[in-house]
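Here is the file entry37.tsv (TSV, C-alpha atoms).
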chain	number	residue	atom	x	y	z
A	760	MET	CA	83.34	55.05	-10.43
A	761	THR	CA	81.35	56.73	-13.18
A	762	GLY	CA	78.27	57.86	-11.26
A	763	PRO	CA	75.43	56.62	-9.08
A	764	ALA	CA	73.21	53.69	-9.96
A	765	ARG	CA	69.69	54.51	-11.01
A	766	VAL	CA	66.74	52.19	-10.61
A	767	SER	CA	64.63	51.85	-13.74
A	768	ARG	CA	61.38	53.76	-13.49
A	769	ARG	CA	59.13	52.49	-10.72
A	770	ASP	CA	55.73	53.74	-9.68
A	771	VAL	CA	55.74	54.97	-6.07
A	772	ALA	CA	53.31	57.49	-4.61
A	773	GLN	CA	52.82	58.67	-1.07
A	774	ARG	CA	50.05	60.76	0.45
A	775	ARG	CA	49.76	61.97	4.02
A	776	PHE	CA	46.96	63.66	5.94
A	777	ARG	CA	47.80	66.08	8.73
A	778	LEU	CA	45.19	66.39	11.41
A	779	PRO	CA	43.14	68.24	12.41
A	780	ALA	CA	43.68	70.40	9.29
A	781	ASP	CA	42.73	67.61	6.87
A	782	LEU	CA	39.75	66.28	8.83
A	783	PRO	CA	37.19	67.83	6.44
A	784	ALA	CA	38.72	65.93	3.52
A	785	GLY	CA	37.54	62.66	5.02
A	786	ALA	CA	34.56	61.34	6.95
A	787	CYS	CA	34.25	61.93	10.71
A	788	ASP	CA	32.09	59.52	12.68
A	789	GLY	CA	32.24	60.57	16.31
A	790	VAL	CA	35.55	62.38	15.80
A	791	ARG	CA	36.22	66.12	15.97
A	792	ALA	CA	39.17	68.48	15.74
A	793	GLY	CA	41.05	68.80	19.00
A	794	ASP	CA	44.28	70.27	20.25
A	795	GLY	CA	46.91	68.95	17.86
A	796	GLY	CA	44.84	66.32	16.11
A	797	ALA	CA	41.59	64.41	15.80
A	798	VAL	CA	39.98	63.32	19.07
A	799	LEU	CA	37.12	61.09	20.13
A	800	ALA	CA	34.13	63.37	20.73
A	801	ALA	CA	30.93	61.29	20.73
A	802	PRO	CA	31.32	57.49	20.66
A	803	THR	CA	29.40	55.83	17.85
A	804	GLY	CA	29.58	52.35	19.37
A	805	THR	CA	31.56	50.01	21.59
A	806	LEU	CA	34.10	47.32	20.83
A	807	ALA	CA	35.42	44.48	22.92
A	808	HIS	CA	39.16	44.09	23.26
A	809	PRO	CA	40.20	41.20	20.97
A	810	ALA	CA	42.17	39.54	23.77
A	811	ASP	CA	39.57	40.07	26.51
A	812	ASP	CA	35.90	40.50	25.65
A	813	THR	CA	35.15	41.77	29.16
A	814	ARG	CA	37.06	44.95	28.35
A	815	ARG	CA	34.86	47.37	26.42
A	816	TYR	CA	35.95	50.45	24.52
A	817	ASP	CA	34.12	53.51	23.23
A	818	ALA	CA	34.82	53.89	19.52
A	819	ALA	CA	34.79	56.59	16.83
A	820	THR	CA	36.37	56.69	13.37
A	821	TRP	CA	37.97	58.93	10.81
A	822	THR	CA	38.06	57.65	7.24
A	823	SER	CA	40.35	59.26	4.70
A	824	PRO	CA	39.16	60.15	1.22
A	825	PRO	CA	40.17	57.68	-1.50
A	826	VAL	CA	43.68	58.38	-2.78
A	827	ALA	CA	44.22	57.66	-6.47
A	828	THR	CA	47.69	56.51	-7.46
A	829	GLY	CA	47.38	56.42	-11.25
A	830	PHE	CA	49.05	53.01	-11.49
A	831	ALA	CA	48.45	49.38	-10.58
A	832	VAL	CA	49.35	48.97	-6.91
A	833	ALA	CA	51.24	45.94	-5.58
A	834	GLU	CA	51.90	47.02	-1.98
A	835	ILE	CA	50.71	49.66	0.49
A	836	VAL	CA	52.49	50.56	3.73
A	837	PRO	CA	50.72	52.90	6.19
A	838	SER	CA	52.20	55.40	8.66
A	839	TRP	CA	50.58	57.31	11.50
A	840	ALA	CA	51.27	59.60	14.41
A	841	ALA	CA	49.09	59.35	17.50
A	842	GLU	CA	48.98	59.80	21.26
A	843	THR	CA	47.25	57.10	23.32
A	844	PRO	CA	46.90	58.07	26.99
A	845	ASP	CA	45.20	56.21	29.84
A	846	GLY	CA	44.63	52.82	28.22
A	847	CYS	CA	43.50	54.24	24.86
A	848	GLY	CA	44.45	52.85	21.47
A	849	ILE	CA	43.77	52.93	17.75
A	850	ILE	CA	43.07	50.44	14.96
A	851	VAL	CA	44.49	51.24	11.51
A	852	GLU	CA	42.83	49.74	8.41
A	853	LEU	CA	43.40	49.93	4.67
A	854	ARG	CA	41.45	48.94	1.59
A	855	GLY	CA	42.15	49.06	-2.11
A	856	TRP	CA	40.28	51.36	-4.47
A	857	HIS	CA	39.73	51.29	-8.24
A	858	ASP	CA	37.59	53.09	-10.79
A	859	GLY	CA	35.67	55.15	-8.24
A	860	ALA	CA	34.76	52.30	-5.90
A	861	PRO	CA	36.29	50.01	-3.28
A	862	ALA	CA	38.26	47.20	-4.90
A	863	THR	CA	38.82	45.15	-1.73
A	864	GLY	CA	37.42	44.84	1.75
A	865	TRP	CA	38.98	46.43	4.80
A	866	TYR	CA	42.16	44.90	6.27
A	867	ALA	CA	43.41	45.79	9.76
A	868	LEU	CA	47.11	46.57	9.68
A	869	ALA	CA	47.55	47.36	13.35
A	870	ARG	CA	46.07	47.50	16.79
A	871	TRP	CA	48.37	50.11	18.25
A	872	ALA	CA	49.17	52.06	21.37
A	873	ALA	CA	52.33	53.88	22.35
A	874	ASP	CA	52.67	51.66	25.45
A	875	ASP	CA	52.44	47.88	25.39
A	876	GLU	CA	49.90	47.75	28.23
A	877	PRO	CA	47.00	47.77	28.91
A	878	PHE	CA	45.60	48.21	25.37
A	879	GLY	CA	48.49	46.46	23.64
A	880	ARG	CA	50.21	46.82	20.30
A	881	THR	CA	50.27	44.22	17.53
A	882	SER	CA	49.99	43.60	13.84
A	883	LEU	CA	47.15	41.31	12.85
A	884	PRO	CA	48.28	38.31	10.78
A	885	GLY	CA	46.04	35.78	9.10
A	886	GLN	CA	44.06	38.21	6.96
A	887	ALA	CA	44.09	36.96	3.38
A	888	ASP	CA	41.59	36.46	0.58
A	889	ALA	CA	41.57	36.41	-3.20
A	890	ASP	CA	42.15	40.17	-3.35
A	891	ALA	CA	44.98	40.87	-0.89
A	892	ARG	CA	46.76	39.78	2.27
A	893	VAL	CA	48.34	41.43	5.29
A	894	ASP	CA	52.07	40.84	5.68
A	895	ALA	CA	52.81	42.43	9.09
A	896	ASP	CA	53.22	46.12	8.17
A	897	THR	CA	52.24	45.82	4.48
A	898	LEU	CA	49.04	45.26	2.52
A	899	VAL	CA	50.03	43.06	-0.42
A	900	VAL	CA	47.64	43.14	-3.36
A	901	SER	CA	47.24	39.73	-5.00
A	902	GLY	CA	44.14	39.23	-7.17
A	903	ALA	CA	42.36	42.59	-7.21
A	904	THR	CA	42.95	45.51	-9.55
A	905	VAL	CA	43.91	48.36	-7.24
A	906	THR	CA	44.78	51.88	-8.40
A	907	GLY	CA	44.23	53.69	-5.12
A	908	TRP	CA	43.75	53.26	-1.39
A	909	GLN	CA	41.68	54.42	1.52
A	910	ALA	CA	42.52	54.36	5.24
A	911	ARG	CA	40.33	54.23	8.32
A	912	VAL	CA	41.39	54.78	11.91
A	913	THR	CA	39.22	53.78	14.85
A	914	LEU	CA	39.92	55.73	18.03
A	915	LEU	CA	39.28	53.70	21.19
A	916	ARG	CA	39.11	54.58	24.88
A	917	PRO	CA	38.03	52.52	27.91
A	918	GLY	CA	34.25	52.54	28.19
A	919	GLY	CA	33.00	55.54	30.14
A	920	SER	CA	36.42	57.21	30.26
A	921	ALA	CA	36.88	60.89	29.46
A	922	ALA	CA	40.30	60.23	27.93
A	923	THR	CA	40.85	60.20	24.18
A	924	PRO	CA	43.48	59.19	21.69
A	925	VAL	CA	44.80	62.01	19.54
A	926	LEU	CA	45.39	61.15	15.89
A	927	ARG	CA	47.89	63.67	14.54
A	928	GLY	CA	48.67	62.19	11.15
A	929	LEU	CA	47.93	59.32	8.78
A	930	GLY	CA	49.27	58.31	5.41
A	931	ALA	CA	50.51	55.52	3.20
A	932	VAL	CA	52.99	54.81	0.45
A	933	ALA	CA	51.71	52.76	-2.49
A	934	SER	CA	54.01	51.11	-5.00
A	935	GLY	CA	54.03	48.98	-8.09
A	936	PRO	CA	55.93	45.69	-8.42
A	937	ARG	CA	59.33	45.63	-6.76
A	938	PRO	CA	62.30	45.96	-9.10
A	939	VAL	CA	64.97	43.38	-9.64
A	940	LEU	CA	68.08	45.52	-9.69
A	941	PRO	CA	71.34	43.88	-10.82
A	942	VAL	CA	74.68	45.05	-9.51
A	943	ASP	CA	75.48	46.52	-12.94
A	944	ALA	CA	72.37	48.73	-12.84
A	945	HIS	CA	72.01	51.63	-15.24
A	946	ARG	CA	74.16	54.51	-14.12
A	947	ALA	CA	72.98	58.08	-13.78
A	948	ALA	CA	74.36	61.02	-15.65
A	949	GLU	CA	77.81	62.11	-14.50
A	950	GLY	CA	76.37	65.35	-13.09
A	951	ASP	CA	73.76	63.67	-10.87
A	952	ARG	CA	75.71	63.92	-7.62
A	953	THR	CA	73.30	65.41	-5.11
A	954	GLY	CA	74.48	64.67	-1.57
A	955	TRP	CA	77.91	63.40	-2.64
A	956	GLY	CA	80.69	64.48	-0.33
A	957	ARG	CA	78.38	65.12	2.65
A	958	VAL	CA	78.34	62.95	5.78
A	959	LEU	CA	75.94	63.83	8.61
A	960	ASP	CA	77.10	63.69	12.22
A	961	VAL	CA	74.82	60.89	13.44
A	962	PRO	CA	75.84	59.06	16.64
A	963	ARG	CA	76.97	55.45	16.27
A	964	TYR	CA	75.13	52.78	18.27
A	965	SER	CA	75.76	49.04	18.16
A	966	GLN	CA	72.71	46.80	18.50
A	967	ARG	CA	74.89	43.82	19.40
A	968	LEU	CA	75.93	45.40	22.68
A	969	HIS	CA	72.39	44.48	23.79
A	970	GLY	CA	72.70	40.77	23.09
A	971	GLY	CA	73.38	38.07	25.64
A	972	ALA	CA	71.46	38.80	28.81
A	973	GLU	CA	68.92	41.08	27.11
A	974	ARG	CA	66.47	38.70	25.44
A	975	ARG	CA	63.19	40.57	25.75
A	976	TRP	CA	61.17	42.16	22.96
A	977	GLY	CA	62.18	40.03	20.03
A	978	GLY	CA	65.37	38.28	21.04
A	979	GLY	CA	67.59	41.11	22.26
A	980	GLY	CA	70.34	43.00	20.54
A	981	ASP	CA	71.02	40.79	17.54
A	982	SER	CA	67.52	41.53	16.22
A	983	TRP	CA	67.27	45.19	17.25
A	984	CYS	CA	68.55	46.83	14.08
A	985	SER	CA	65.43	48.91	13.54
A	986	PRO	CA	64.98	50.45	17.02
A	987	THR	CA	68.75	50.98	17.27
A	988	SER	CA	68.74	52.86	13.96
A	989	VAL	CA	65.74	54.94	15.03
A	990	SER	CA	67.50	55.73	18.33
A	991	MET	CA	70.55	56.99	16.44
A	992	VAL	CA	68.42	59.35	14.37
A	993	LEU	CA	66.35	60.60	17.32
A	994	ASP	CA	69.53	61.36	19.26
A	995	HIS	CA	70.99	63.04	16.18
A	996	TRP	CA	68.08	65.48	16.38
A	997	GLY	CA	68.39	65.75	20.17
A	998	VAL	CA	64.87	64.43	20.86
A	999	GLY	CA	65.47	60.93	22.21
A	1000	PRO	CA	63.73	59.76	25.39
A	1001	THR	CA	64.81	61.45	28.61
A	1002	PRO	CA	66.06	59.44	31.63
A	1003	ASP	CA	62.71	59.57	33.42
A	1004	ARG	CA	61.13	57.71	30.49
A	1005	TYR	CA	63.57	54.79	30.63
A	1006	ALA	CA	64.07	54.59	34.39
A	1007	TRP	CA	62.37	51.17	34.26
A	1008	VAL	CA	65.37	49.74	32.33
A	1009	VAL	CA	67.11	47.76	35.10
A	1010	PRO	CA	69.89	46.91	34.78
A	1011	THR	CA	70.51	49.90	32.53
A	1012	GLY	CA	72.76	47.98	30.14
A	1013	PRO	CA	74.96	49.68	27.55
A	1014	ARG	CA	72.37	52.15	26.22
A	1015	PRO	CA	68.91	52.27	27.81
A	1016	VAL	CA	67.43	54.45	25.03
A	1017	VAL	CA	67.79	51.49	22.66
A	1018	THR	CA	66.03	49.16	25.10
A	1019	HIS	CA	63.28	51.77	25.43
A	1020	ALA	CA	62.88	51.91	21.65
A	1021	ALA	CA	62.88	48.12	21.26
A	1022	ARG	CA	60.11	47.71	23.82
A	1023	HIS	CA	57.96	50.43	22.27
A	1024	CYS	CA	58.44	49.19	18.70
A	1025	PHE	CA	57.90	45.53	19.54
A	1026	ASP	CA	55.22	43.68	17.59
A	1027	PRO	CA	54.31	40.42	19.37
A	1028	ALA	CA	52.56	38.94	16.34
A	1029	TYR	CA	55.62	39.57	14.18
A	1030	GLY	CA	57.87	38.49	17.03
A	1031	GLY	CA	60.31	41.37	16.70
A	1032	ALA	CA	60.89	45.11	16.84
A	1033	GLY	CA	61.19	45.62	13.08
A	1034	ASN	CA	57.61	46.54	12.14
A	1035	TRP	CA	58.19	49.54	9.86
A	1036	ALA	CA	55.10	51.52	10.84
A	1037	PHE	CA	55.57	50.83	14.54
A	1038	ASN	CA	59.07	52.30	14.36
A	1039	THR	CA	57.98	55.53	12.72
A	1040	ALA	CA	54.99	55.79	15.07
A	1041	TYR	CA	57.42	55.46	17.97
A	1042	ALA	CA	59.64	58.17	16.51
A	1043	ALA	CA	56.65	60.44	15.94
A	1044	GLY	CA	55.92	60.26	19.66
A	1045	HIS	CA	59.07	62.34	20.20
A	1046	GLY	CA	57.72	65.40	18.43
A	1047	VAL	CA	59.27	64.74	15.03
A	1048	ASP	CA	57.69	64.16	11.64
A	1049	ALA	CA	58.21	60.46	10.92
A	1050	PHE	CA	56.87	58.24	8.16
A	1051	VAL	CA	57.64	55.21	6.00
A	1052	THR	CA	58.15	55.66	2.29
A	1053	ARG	CA	59.84	53.96	-0.63
A	1054	LEU	CA	62.61	55.67	-2.57
A	1055	ARG	CA	63.44	54.66	-6.11
A	1056	SER	CA	67.21	55.06	-5.91
A	1057	LEU	CA	70.19	56.32	-3.98
A	1058	ALA	CA	69.94	59.41	-6.18
A	1059	GLU	CA	66.66	60.20	-4.41
A	1060	ALA	CA	68.27	59.40	-1.05
A	1061	GLY	CA	70.97	61.92	-1.90
A	1062	GLU	CA	68.32	64.64	-1.89
A	1063	PHE	CA	67.67	63.92	1.79
A	1064	VAL	CA	71.35	63.86	2.70
A	1065	ALA	CA	71.80	67.20	0.92
A	1066	ALA	CA	68.89	68.55	2.99
A	1067	GLY	CA	70.56	67.33	6.20
A	1068	VAL	CA	68.13	64.46	6.83
A	1069	PRO	CA	69.58	60.98	7.55
A	1070	LEU	CA	67.49	58.00	6.45
A	1071	VAL	CA	66.89	54.59	7.96
A	1072	ILE	CA	66.90	52.10	5.08
A	1073	SER	CA	66.00	48.40	4.87
A	1074	ALA	CA	68.10	46.00	2.79
A	1075	ALA	CA	68.44	42.23	2.36
A	1076	PHE	CA	71.62	40.48	1.25
A	1077	ARG	CA	73.95	37.54	1.72
A	1078	ALA	CA	77.54	37.73	2.88
A	1079	GLY	CA	79.59	38.90	-0.10
A	1080	ASP	CA	76.76	40.70	-1.87
A	1081	VAL	CA	77.76	44.05	-0.35
A	1082	PRO	CA	81.48	44.00	0.56
A	1083	GLY	CA	81.89	45.33	4.07
A	1084	LEU	CA	78.52	43.93	5.19
A	1085	ASP	CA	79.76	40.39	5.59
A	1086	TYR	CA	76.75	38.60	7.02
A	1087	ASP	CA	73.43	37.18	5.82
A	1088	THR	CA	70.14	38.97	6.44
A	1089	ARG	CA	66.61	38.65	5.13
A	1090	GLY	CA	65.99	42.24	6.19
A	1091	HIS	CA	68.27	44.69	8.00
A	1092	LEU	CA	67.86	48.36	8.96
A	1093	MET	CA	70.77	50.81	8.82
A	1094	VAL	CA	71.17	54.57	8.86
A	1095	LEU	CA	72.30	56.19	5.62
A	1096	VAL	CA	74.33	59.14	6.94
A	1097	GLY	CA	75.91	60.38	3.73
A	1098	PHE	CA	78.11	59.76	0.71
A	1099	THR	CA	81.79	59.93	-0.05
A	1100	ALA	CA	83.07	62.38	-2.63
A	1101	ASP	CA	82.84	59.51	-5.15
A	1102	GLY	CA	79.21	58.77	-4.28
A	1103	ASP	CA	79.63	55.62	-2.20
A	1104	PRO	CA	77.14	55.37	0.69
A	1105	VAL	CA	78.33	55.96	4.24
A	1106	LEU	CA	76.31	53.92	6.75
A	1107	ASN	CA	75.81	53.66	10.46
A	1108	ASP	CA	75.30	49.91	10.49
A	1109	PRO	CA	74.19	48.83	13.98
A	1110	TYR	CA	75.20	45.21	13.34
A	1111	ALA	CA	78.69	45.73	14.74
A	1112	PRO	CA	80.31	44.25	17.85
A	1113	ASP	CA	80.63	47.70	19.40
A	1114	ASP	CA	80.10	51.36	18.58
A	1115	SER	CA	83.54	51.76	17.01
A	1116	GLY	CA	82.62	49.40	14.16
A	1117	VAL	CA	79.28	50.98	13.26
A	1118	ARG	CA	80.51	53.43	10.58
A	1119	ARG	CA	80.97	51.69	7.24
A	1120	THR	CA	81.44	52.79	3.62
A	1121	VAL	CA	80.14	50.41	0.94
A	1122	ASP	CA	79.86	50.12	-2.83
A	1123	ARG	CA	77.03	52.24	-4.18
A	1124	HIS	CA	75.71	49.84	-6.81
A	1125	ARG	CA	75.76	46.77	-4.57
A	1126	LEU	CA	73.99	48.52	-1.71
A	1127	GLU	CA	71.37	49.92	-4.05
A	1128	ALA	CA	70.66	46.42	-5.38
A	1129	ALA	CA	70.31	45.01	-1.85
A	1130	TRP	CA	68.06	47.88	-0.78
A	1131	GLN	CA	65.78	47.99	-3.81
A	1132	SER	CA	65.48	44.24	-4.34
A	1133	GLY	CA	65.34	43.48	-0.62
A	1134	SER	CA	62.64	45.87	0.58
A	1135	GLY	CA	61.61	47.79	-2.50
A	1136	GLY	CA	63.49	50.88	-1.32
A	1137	ILE	CA	61.91	51.20	2.14
A	1138	ALA	CA	63.11	54.22	4.12
A	1139	TYR	CA	62.11	55.85	7.40
A	1140	VAL	CA	62.10	59.63	7.15
A	1141	ILE	CA	62.53	61.19	10.61
A	1142	ARG	CA	63.08	64.94	10.98
A	1143	PRO	CA	61.97	67.87	13.14
A	1144	PRO	CA	59.05	69.77	11.59
A	1145	ASP	CA	61.21	72.87	11.12
A	1146	VAL	CA	63.76	70.98	8.96
A	1147	PRO	CA	62.44	71.15	5.38
A	1148	LEU	CA	62.15	68.08	3.24
A	1149	PRO	CA	63.71	68.25	-0.23
A	1150	PRO	CA	61.32	69.12	-3.07
A	1151	PRO	CA	59.43	65.95	-4.08
A	1152	PRO	CA	59.65	64.47	-7.57
A	1153	ALA	CA	56.84	64.73	-10.12
A	1154	GLN	CA	55.37	61.47	-8.83
A	1155	PRO	CA	55.69	62.35	-5.15
A	1156	ASN	CA	56.93	59.69	-2.78
A	1157	TRP	CA	57.46	62.15	0.08

Write out the structure in this file as structure tokens.
Amino acid sequence: MTGPARVSRRDVAQRRFRLPADLPAGACDGVRAGDGGAVLAAPTGTLAHPADDTRRYDAATWTSPPVATGFAVAEIVPSWAAETPDGCGIIVELRGWHDGAPATGWYALARWAADDEPFGRTSLPGQADADARVDADTLVVSGATVTGWQARVTLLRPGGSAATPVLRGLGAVASGPRPVLPVDAHRAAEGDRTGWGRVLDVPRYSQRLHGGAERRWGGGGDSWCSPTSVSMVLDHWGVGPTPDRYAWVVPTGPRPVVTHAARHCFDPAYGGAGNWAFNTAYAAGHGVDAFVTRLRSLAEAGEFVAAGVPLVISAAFRAGDVPGLDYDTRGHLMVLVGFTADGDPVLNDPYAPDDSGVRRTVDRHRLEAAWQSGSGGIAYVIRPPDVPLPPPPAQPNW
């Protein structure tokens, strides 16, 4: 092959706020700096639980400053890191911004807690108007002109409780229209080989081992690509859940850490465990830095591999589109663990009958087309805080 495929220029920009350090940049309403994040200090009101109006919650909010992107935005995907003890939870909202003023109303992207009970965890479908709509984990801009975004998080605790959520981080990746990338995409310069010849030692887990009897949380193993991929990366870093945290998995099955992840990433409104933000929020609960972004190309992904950071990527394809991935999928998560010396991607693809079939090497250009056209280059970045990220590009998307 003559070199890696390169996606034609696409606008992608990501911004993250780390709390409590960035609290003063936004607006605090009943929120203050606490140990490791923003905490609920003085409730500014009460809210009823959407599923049970007899359950009341004390509420406070932190609103980020507007984030200008410098381009027309088509989609925005949020990420967050939070702790939600004792029945607490958070609500994450986004709105578009343009020309110094809000360009849309607020849209709720998630009602979230680390555990599925008692507060619950769900995306909030059915929100759509002439300006934008919510598509599970993504705010899709339709009629409005949007050149920036703003986020708001409501911290909630049971009425009268002394407990508090802890919001440790919040961010979003905004992007322009998704590319249509043909298999014969423009190729990069011969010297652009960052990450080539490096394969990271990520454990290999098959999602399909969890099929059959295990049908909870979105249909069992055949649909658990995302939590299985996240489990591989967490265990690569040595921070996966300990046995006391998955002791409830009975029978234990082939790999209880994957069942643990599937339960704690599950989105009942979506009907599966593939909500992008829920997966990175789950990972962040293990002490790592985790967020969703969009990468423009496998050349950018190579920067992460060179830095020692595996990526979870989302692609869509039909059998035959990417030789070696001989099945149909409207959206599938895999771990990019490295590249051959010739630049072809090396994957841990969880859609294998058993662990021995997880490692696969595929054609660079065909995978890039399936990744960029399928999800717009979605990637989960999961790494310990002491492992540096590669330097970001001029238009930073990490």

- Message: Set the distance at 6 Å and use all atoms listed in the file: which residues neighbour stretch 918-935 of chain A once local chain neighbours fewer than 4 positions away are removed? I'd like the list as a PyMOL selection string.
- Response: chain A and resi 770-778+796-799+815-817+832-843+847+1052

Students should find that atom CA of A:Asp1087 and atom CA of A:Ala1128 are spaced 14.8 Å

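Take the candidates A:Asp858, A:Asp888, A:Asp896, A:Asp1122 and check each one against A:Phe1098 using all atoms listed in the file; the shortest distance goes to A:Asp1122.
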
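With atom CA of A:Phe1037 on one side and atom CA of A:Asp812 on the other, the separation reads 24.8 Å.
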
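Between atom CA of A:Pro825 and atom CA of A:Asp794 there is a distance of 25.5 Å.
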
Give me, as number ranges by chain, all polymer residues having an atom no more than 9 Å from A:Trp1007, counting all atoms listed in the file and skipping those fewer than 4 positions away in the same chain. A: 1003, 1011, 1019

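Distance check against A:Gly1033 using only C-alpha atoms: of A:Val1009, A:Leu1148, A:Val961, A:Met1093, the minimum falls on A:Met1093.
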
Protein and nucleic acid residues near (57.5, 46.2, 10.4) (cut-off 10 Å, all atoms listed in the file) as JSON, numbers by chain: {"A": [836, 882, 894, 895, 896, 897, 985, 1024, 1025, 1026, 1029, 1031, 1032, 1033, 1034, 1035, 1036, 1037, 1038, 1039]}

Please give the centre and size of the box around stretch 1141-1151 of chain A (axis-aligned, containing every atom listed in the file, 8 Å added per side), with values in Å to one decimal and written as AutoDock Vina command-line options.
--center_x 61.4 --center_y 67.0 --center_z 4.5 --size_x 20.7 --size_y 27.7 --size_z 33.2

Of A:Val905, A:Leu853, A:Leu914, A:Ala1060, the one sitting nearest A:Gly789 when using only C-alpha atoms is A:Leu914
